[in-house]
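Peer 1: Sending over a structure as structure tokens; questions will come in a sec.
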Amino acid sequence: MTILLDMKGWDPHPWIAAIKRADPERQVVTAVAQENASAIRYAWVWRPRTGILSNLPNLELIVNLGAGVDALLADATIPTHVPIVRALDPNITMRMTEWIVLQVLYHHRHIPAYLEQQRQRIWRALPQPAASAVTVGILGCGALGTSAGVALRHVGFEVIGWSRTAKEETRFKVFAGGDCLPSFLGQTDILVCLLPLTPETRGVLSYGLFRQLKRGGALAGPVLVNAGRGAQQIDADILRALDDGTLWAASLDVFDPEPLALTSQLWAHPRAFVTPHIAADSEPEAMSGYVIKQIRRHEQGLPLDMTVDRGRGY
Ligand code: NAP
Ligand code: GLV
């Protein structure tokens with residue numbers, strides 16, 4: 001019942017230590033060799049090396065150590081008969097909620113303007129609408145979008161969402177499907193993107209979409225907040241929209257490619273706020289505990305949470 005750990009750009013040591021604390025009996029390896037290939041039952045991965053999962057005869061489960069599976073599904077060598085689960089523990093969900101609430105309040109409470117005023121020693125109050133006068137529209141009402149939306153409602157914002165399929169029970173109004181998108185956008189002051197990257201969502205954050213956002217709302221103009229994936233946004237369209245007033249401001253955590261090119265004008269744009277893909281990091285301790293529980297469920301023959309639908313792409 002060995003675990004193979006393969007993560008691009010992450011230090012495996014804290015993960016190995018956390019797995020050992022959660023399940024001291026479990027063997028963990030970070031490389032596949034002839035002697036251990038048949039013992040590996042579980043692969044815990046984040047952007048794994050191409051081909052590493054293709055020759056594991058007893059692999060039972062692939063665990064993606066993050067919410068987005070776009071990089072994993074892009075690898076044509078991953079075995080198609082092995083189920084994939086996303087390790088979406090409450091820790092990562094709350095981290096994303098923190099980041100989204102922070103960005104929404106950052107723009108709503110004029111923090112960029114007050115930072116500039118402080119720099120210039122200017123004492124001036126800016127007009128401040130109530131949160132209830134502002135509608136946050138969330139593209140993608142899955143685990144992360146729903147958590148962020150519920151928190152934003154607690155702060156007092158109007159919240160609406162958009163998903164692919166209609167929901168029977170929701171904590172706020174959710175529009176479903178492409179036909180409803182214009183109506184959703186037309187009510188949105190602050191647009192939050194928490195969509196997975198799929199062929200349908202690639203490039204969705206375009207100038208044409210920004211033009212459909214609500215005009216004349218309580219803020220100086222529409223705001224974009226993207227923590228989904230960089231390939232969902234067209235950087236040139238964001239810059240154009242910021243410059244001509246189609247967007248008032250943008251908070252961006254994700255880029256394509258990453259890191260954001262040093263030459264990108266987004267770095268220095270006065271109304272763009274850039275963070276280096278840190279909205280919701282996977283934390284070894286919390287996530288390992290969660291995944292070990294999932295593995296125990298699997299070993300007891302119980303259904304798993306957060307199974308990925310390869311056909312859908314998320
Ligand atoms: P999730 O639970 O799978 O939810 C995805 C949501 O997007 C669902 O509501 C889904 O609709 C909707 N959706 C998918 N394709 C759509 C389409 N074509 N049109 C309309 N709606 C569509 O995903 P999650 O766990 O919330 O994570 C979302 C994404 O956040 C991840 O895929 C990842 O890219 C990103 N993320 C970023 C960071 C970061 O640090 N920046 C961290 C974690 C995650 P249905 O409900 O109808 O299926
Ligand atoms: C991070 O980007 C994730 O998908 O968990």
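By order of appearance in the structure tokens: chains A, B, ..., then residues from 1 within every chain, and ligands from 1 in the order shown.
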List as a PDB file with N, CA, C and O atoms, in the first residue's frame the protein and nucleic acid residues near Ile16 of chain A, meaning an atom at most 10 Å away when only C-alpha atoms are counted, but skip any in the same chain fewer than 6 places from it.

Peer 2:
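The new file out-v9.pdb reads:
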```
ATOM      1  N   ILE A   3       2.711   4.726  -1.128  1.00  0.00           N
ATOM      2  CA  ILE A   3       2.333   5.984  -1.788  1.00  0.00           C
ATOM      3  C   ILE A   3       3.527   6.476  -2.601  1.00  0.00           C
ATOM      4  O   ILE A   3       4.649   6.564  -2.078  1.00  0.00           O
ATOM      5  N   LEU A   5       4.967   9.806  -4.282  1.00  0.00           N
ATOM      6  CA  LEU A   5       4.785  11.259  -4.191  1.00  0.00           C
ATOM      7  C   LEU A   5       5.559  11.889  -5.342  1.00  0.00           C
ATOM      8  O   LEU A   5       6.766  11.654  -5.482  1.00  0.00           O
ATOM      9  N   ALA A  22       0.412  11.249   9.787  1.00  0.00           N
ATOM     10  CA  ALA A  22      -0.995  10.850   9.627  1.00  0.00           C
ATOM     11  C   ALA A  22      -1.157   9.332   9.593  1.00  0.00           C
ATOM     12  O   ALA A  22      -2.184   8.796   9.994  1.00  0.00           O
ATOM     13  N   GLN A  27       4.259   3.320   3.589  1.00  0.00           N
ATOM     14  CA  GLN A  27       5.529   3.539   2.890  1.00  0.00           C
ATOM     15  C   GLN A  27       5.343   4.679   1.893  1.00  0.00           C
ATOM     16  O   GLN A  27       4.312   4.742   1.215  1.00  0.00           O
ATOM     17  N   VAL A  28       6.327   5.557   1.802  1.00  0.00           N
ATOM     18  CA  VAL A  28       6.273   6.656   0.829  1.00  0.00           C
ATOM     19  C   VAL A  28       7.542   6.612  -0.015  1.00  0.00           C
ATOM     20  O   VAL A  28       8.652   6.533   0.531  1.00  0.00           O
ATOM     21  N   VAL A  29       7.373   6.678  -1.341  1.00  0.00           N
ATOM     22  CA  VAL A  29       8.547   6.742  -2.220  1.00  0.00           C
ATOM     23  C   VAL A  29       8.399   7.956  -3.144  1.00  0.00           C
ATOM     24  O   VAL A  29       7.285   8.421  -3.390  1.00  0.00           O
ATOM     25  N   THR A  30       9.536   8.465  -3.613  1.00  0.00           N
ATOM     26  CA  THR A  30       9.487   9.626  -4.506  1.00  0.00           C
ATOM     27  C   THR A  30      10.008   9.295  -5.901  1.00  0.00           C
ATOM     28  O   THR A  30      10.143  10.173  -6.735  1.00  0.00           O
ATOM     29  N   PRO A 284       0.865  20.829   3.530  1.00  0.00           N
ATOM     30  CA  PRO A 284       1.119  19.390   3.693  1.00  0.00           C
ATOM     31  C   PRO A 284       0.381  18.757   4.873  1.00  0.00           C
ATOM     32  O   PRO A 284      -0.206  17.679   4.726  1.00  0.00           O
ATOM     33  N   GLU A 285       0.414  19.405   6.024  1.00  0.00           N
ATOM     34  CA  GLU A 285      -0.160  18.789   7.222  1.00  0.00           C
ATOM     35  C   GLU A 285      -1.673  18.560   7.057  1.00  0.00           C
ATOM     36  O   GLU A 285      -2.170  17.446   7.233  1.00  0.00           O
ATOM     37  N   SER A 288      -2.485  16.194   3.969  1.00  0.00           N
ATOM     38  CA  SER A 288      -2.129  14.782   4.134  1.00  0.00           C
ATOM     39  C   SER A 288      -3.138  14.085   5.040  1.00  0.00           C
ATOM     40  O   SER A 288      -3.552  12.942   4.769  1.00  0.00           O
TER      41      SER A 288
END
```

Peer 1: Could you list, as JSON, numbers by chain, all protein and nucleic acid residues with an atom at most 6 Å from ligand 1, counting only C-alpha atoms and all ligand atoms?

Peer 2: {"A": [67, 68, 140, 141, 142, 143, 144, 145, 162, 163, 164, 165, 177, 194, 195, 196, 197, 200, 201, 227, 228, 229, 253, 254, 277, 278, 279, 280, 281, 314]}

Peer 1: Name the closest residue to His110 of chain A among the candidates A:Val225, A:Cys193, A:Ala220, A:Ala261; distances are taken between atoms, counting only C-alpha atoms.

Peer 2: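 For His110 of chain A, the nearest of the candidates is A:Ala220.
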
Peer 1: Which residues come within 7 Å of segment 250-252 of chain A, counting only C-alpha atoms, excluding same-chain residues fewer than 6 positions away, as a list in words?

Peer 2: Gln103, Val223, Leu224, Val225, Asn226, Ala227, Arg271, Ala272, Phe273, Val274 and Thr275 of chain A

Peer 1: Put those residues in a file: N, CA, C and O atoms, as a PDB file, in the first residue's frame.

Peer 2:
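Everything below was put into out_9.pdb:
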```pdb
ATOM      1  N   GLN A 103      -9.522  40.504  -1.765  1.00  0.00           N
ATOM      2  CA  GLN A 103      -9.498  41.273  -3.025  1.00  0.00           C
ATOM      3  C   GLN A 103     -10.771  42.087  -3.197  1.00  0.00           C
ATOM      4  O   GLN A 103     -10.726  43.232  -3.637  1.00  0.00           O
ATOM      5  N   VAL A 223     -14.864  45.469 -11.660  1.00  0.00           N
ATOM      6  CA  VAL A 223     -13.578  44.950 -11.164  1.00  0.00           C
ATOM      7  C   VAL A 223     -13.499  43.466 -11.519  1.00  0.00           C
ATOM      8  O   VAL A 223     -14.497  42.745 -11.414  1.00  0.00           O
ATOM      9  N   LEU A 224     -12.294  43.029 -11.931  1.00  0.00           N
ATOM     10  CA  LEU A 224     -12.059  41.607 -12.210  1.00  0.00           C
ATOM     11  C   LEU A 224     -11.142  41.025 -11.146  1.00  0.00           C
ATOM     12  O   LEU A 224     -10.096  41.620 -10.825  1.00  0.00           O
ATOM     13  N   VAL A 225     -11.516  39.859 -10.615  1.00  0.00           N
ATOM     14  CA  VAL A 225     -10.664  39.128  -9.665  1.00  0.00           C
ATOM     15  C   VAL A 225     -10.514  37.711 -10.237  1.00  0.00           C
ATOM     16  O   VAL A 225     -11.505  36.995 -10.367  1.00  0.00           O
ATOM     17  N   ASN A 226      -9.304  37.317 -10.612  1.00  0.00           N
ATOM     18  CA  ASN A 226      -9.127  35.959 -11.168  1.00  0.00           C
ATOM     19  C   ASN A 226      -8.163  35.133 -10.329  1.00  0.00           C
ATOM     20  O   ASN A 226      -6.985  35.465 -10.202  1.00  0.00           O
ATOM     21  N   ALA A 227      -8.690  34.036  -9.777  1.00  0.00           N
ATOM     22  CA  ALA A 227      -7.849  33.058  -9.076  1.00  0.00           C
ATOM     23  C   ALA A 227      -8.059  31.672  -9.673  1.00  0.00           C
ATOM     24  O   ALA A 227      -7.724  30.677  -9.046  1.00  0.00           O
ATOM     25  N   ARG A 271      -3.714  50.109 -11.715  1.00  0.00           N
ATOM     26  CA  ARG A 271      -4.967  49.526 -11.208  1.00  0.00           C
ATOM     27  C   ARG A 271      -5.006  48.007 -11.354  1.00  0.00           C
ATOM     28  O   ARG A 271      -6.069  47.399 -11.303  1.00  0.00           O
ATOM     29  N   ALA A 272      -3.814  47.392 -11.501  1.00  0.00           N
ATOM     30  CA  ALA A 272      -3.734  45.923 -11.481  1.00  0.00           C
ATOM     31  C   ALA A 272      -3.002  45.501 -10.212  1.00  0.00           C
ATOM     32  O   ALA A 272      -1.998  46.110  -9.842  1.00  0.00           O
ATOM     33  N   PHE A 273      -3.518  44.506  -9.547  1.00  0.00           N
ATOM     34  CA  PHE A 273      -2.874  43.965  -8.354  1.00  0.00           C
ATOM     35  C   PHE A 273      -2.502  42.521  -8.680  1.00  0.00           C
ATOM     36  O   PHE A 273      -3.364  41.712  -9.028  1.00  0.00           O
ATOM     37  N   VAL A 274      -1.203  42.230  -8.573  1.00  0.00           N
ATOM     38  CA  VAL A 274      -0.684  40.928  -9.023  1.00  0.00           C
ATOM     39  C   VAL A 274      -0.150  40.139  -7.828  1.00  0.00           C
ATOM     40  O   VAL A 274       0.626  40.677  -7.036  1.00  0.00           O
ATOM     41  N   THR A 275      -0.559  38.877  -7.704  1.00  0.00           N
ATOM     42  CA  THR A 275       0.063  37.985  -6.710  1.00  0.00           C
ATOM     43  C   THR A 275       0.542  36.715  -7.433  1.00  0.00           C
ATOM     44  O   THR A 275      -0.009  36.340  -8.474  1.00  0.00           O
TER      45      THR A 275
END
```

Peer 1: Could you please determine the separation between atom CA of Arg95 of chain A and atom CA of Val82 of chain A in Å, to one decimal place?

Peer 2: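 Answer for the atom CA of Arg95 of chain A to atom CA of Val82 of chain A separation: 29.2 Å.
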
Peer 1: Please provide the set of residues having any atom within 12 Å of Gly208 of chain A, restricted to only C-alpha atoms, with same-chain residues fewer than 3 positions apart removed, written as a ChimeraX atom specification.

Peer 2: /A:182,185,203-205,211-213,233-234,237-238,240-241,246-247
